[in-house]
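Trainee: Pasting a structure below so you can have a look.
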Amino acid sequence: MTQPAATDHAVLDNATHGELRVATGAAVQFGDGIMACPVMPNEFRQVQAHYPILFRLDAEGQAFTAHALFGFDTGENLFLNDGEWDARYRPLAMAVQPFLIGRSRDGGDAQVHIDMAHPRVGHADGVRLFDEDGRPTPFLEEMSQLLGTLDQGYRASGAFFDALRRYDLLEPFSLEIPLDDGSKNRLVGFHIIDEDRLRALDPAALGDLHAADHLLPIFMALGSLAQIGGLVDRKNRTLRYG
């Protein structure tokens with residue numbers, strides 16, 4: 001079993017981290033070599049324009065999470081291209097690294113934390129977090145805003161996934177993908193929105209989903225499945241050109 005990467009979380013402040021720089025490129029060595037990452041319902045509109053959105057049930061069978069799919073094999077991210085992320089939108093869980101939201105033990109205001117063990121931290125050619133006067137740089141201000149959006153989405157996501165289970169709107173999904181070199185990839189272990197079940201909901205159920213702002217992310221997740229074809233094209237290009 002693969003061991004989780006070591007972490008070293010610290011509250012970010014200008015006294016301790018005034019000279020710290022963070023790499024902003026996209027590469028395997030920066031932790032971007034993954035086939036999927038969690039996404040929140042409040043970003044489904046942006047995610048669906050580039051990535052398939054699939055759902056996964058945890059090992060205990062208790063909770064669902066949503067994921068943007070980047071590839072078909074473990075460690076494969078088909079959106080990495082010469083140090084850049086080859087899509088206009090990078091999911092929040094990827095975009096905020098190496099930062100995260102933390103809170104004090106008394107449950108006070110949210111704080112920006114940084115994982116000092118993250119491979120993006122400490123690069124001499126990276127972006128500074130604080131300027132010469134100790135003020136947050138535009139980069140850090142942007143990261144703080146993204147963290148707030150991610151935190152808001154995470155807090156609201158429980159109600160969304162509860163609604164999907166309440167109306168039995170998720171079905172197991174598997175896909176066998178023939179590739180240009182004659183090989184096949186098989187995608188298993190995910191769920192998708194059950195479109196037939198959604199169509200069969202009565203007006204009261206649809207009204208409940210609409211009132212709770214769940215219908216839009218449901219439709220975005222359904223629409224995102226059209227991106228599987230584009231992901232297959234990316235895979236075939238890597239087979240042809242490396």
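Following the order of the structure tokens, first chain is A, next is B, and so on, with residues numbered from 1 inside each chain and ligands from 1 in the order they appear.
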From a backbone DSSP assignment, name each residue in range 91-138 of chain A labelled strand (DSSP E), as a compact mmCIF listing (two decimals) with N, CA, C and O atoms, in the first residue's frame.
Mentor:
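Ended up saving to states03.txt:
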# COMPACT_ATOMS: atom_id res chain seq x y z
N PHE A 99 -1.53 25.42 0.00
CA PHE A 99 -2.23 26.10 1.08
C PHE A 99 -3.48 25.32 1.48
O PHE A 99 -4.03 24.54 0.70
N LEU A 100 -3.94 25.57 2.68
CA LEU A 100 -5.16 24.93 3.18
C LEU A 100 -5.76 25.79 4.27
O LEU A 100 -5.10 26.68 4.83
N ILE A 101 -7.02 25.54 4.55
CA ILE A 101 -7.73 26.26 5.59
C ILE A 101 -7.53 25.54 6.92
O ILE A 101 -7.64 24.32 7.01
N GLY A 102 -7.22 26.31 7.94
CA GLY A 102 -7.13 25.76 9.28
C GLY A 102 -7.88 26.65 10.26
O GLY A 102 -8.19 27.80 9.95
N ARG A 103 -8.16 26.09 11.41
CA ARG A 103 -8.83 26.86 12.45
C ARG A 103 -8.15 26.62 13.78
O ARG A 103 -7.58 25.55 14.01
N ALA A 110 -11.23 31.24 10.41
CA ALA A 110 -10.39 30.42 9.54
C ALA A 110 -9.04 31.10 9.34
O ALA A 110 -8.94 32.33 9.31
N GLN A 111 -8.02 30.29 9.20
CA GLN A 111 -6.66 30.79 9.01
C GLN A 111 -6.07 30.12 7.76
O GLN A 111 -6.40 28.99 7.43
N VAL A 112 -5.18 30.85 7.09
CA VAL A 112 -4.45 30.26 5.97
C VAL A 112 -3.26 29.48 6.53
O VAL A 112 -2.43 30.03 7.24
N HIS A 113 -3.21 28.21 6.24
CA HIS A 113 -2.09 27.36 6.61
C HIS A 113 -1.30 27.00 5.36
O HIS A 113 -1.81 27.09 4.24
N ILE A 114 -0.06 26.59 5.54
CA ILE A 114 0.77 26.13 4.44
C ILE A 114 1.42 24.82 4.83
O ILE A 114 1.81 24.63 5.99
N ASP A 115 1.50 23.92 3.87
CA ASP A 115 2.17 22.64 4.10
C ASP A 115 3.63 22.82 3.71
O ASP A 115 3.99 22.82 2.53
N VAL A 127 7.07 32.18 -6.57
CA VAL A 127 6.42 33.46 -6.31
C VAL A 127 6.43 33.75 -4.81
O VAL A 127 6.15 32.87 -3.99
N ARG A 128 6.76 34.97 -4.47
CA ARG A 128 6.78 35.37 -3.05
C ARG A 128 5.36 35.44 -2.50
O ARG A 128 4.41 35.77 -3.23
Trainee: Report as a list in words all protein, DNA and RNA residues lying within 8 Å of range 165-182 of chain A, evaluated on only C-alpha atoms, omitting residues in the same chain fewer than 6 positions from it.
Mentor: Val188, Gly189, Phe190, His191, Ile192, Ile193, Asp194, Glu195, Arg197, Leu198, Ala205, Val232, Lys235, Asn236 and Leu239 of chain A
Trainee: Check which residues of range 137-166 of chain A sit at most 7 Å from range 36-44 of chain A using only C-alpha atoms, and return one row each with the closest pair of atoms and their distance in Å to one decimal, ordered by chain and rising number, as a tab-separated table.
Mentor:
residue	atom	partner	partner_atom	distance
A:Gly153	CA	A:Met40	CA	5.4
A:Tyr154	CA	A:Met40	CA	6.2
A:Ser157	CA	A:Pro41	CA	6.3
Trainee: Restricting the calculation to only C-alpha atoms: of A:Arg45, A:Arg199, A:His50, A:His17, which residue gets closest to Arg234 in chain A?
Mentor: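 Of all the options, A:His50 lies closest to Arg234 in chain A.
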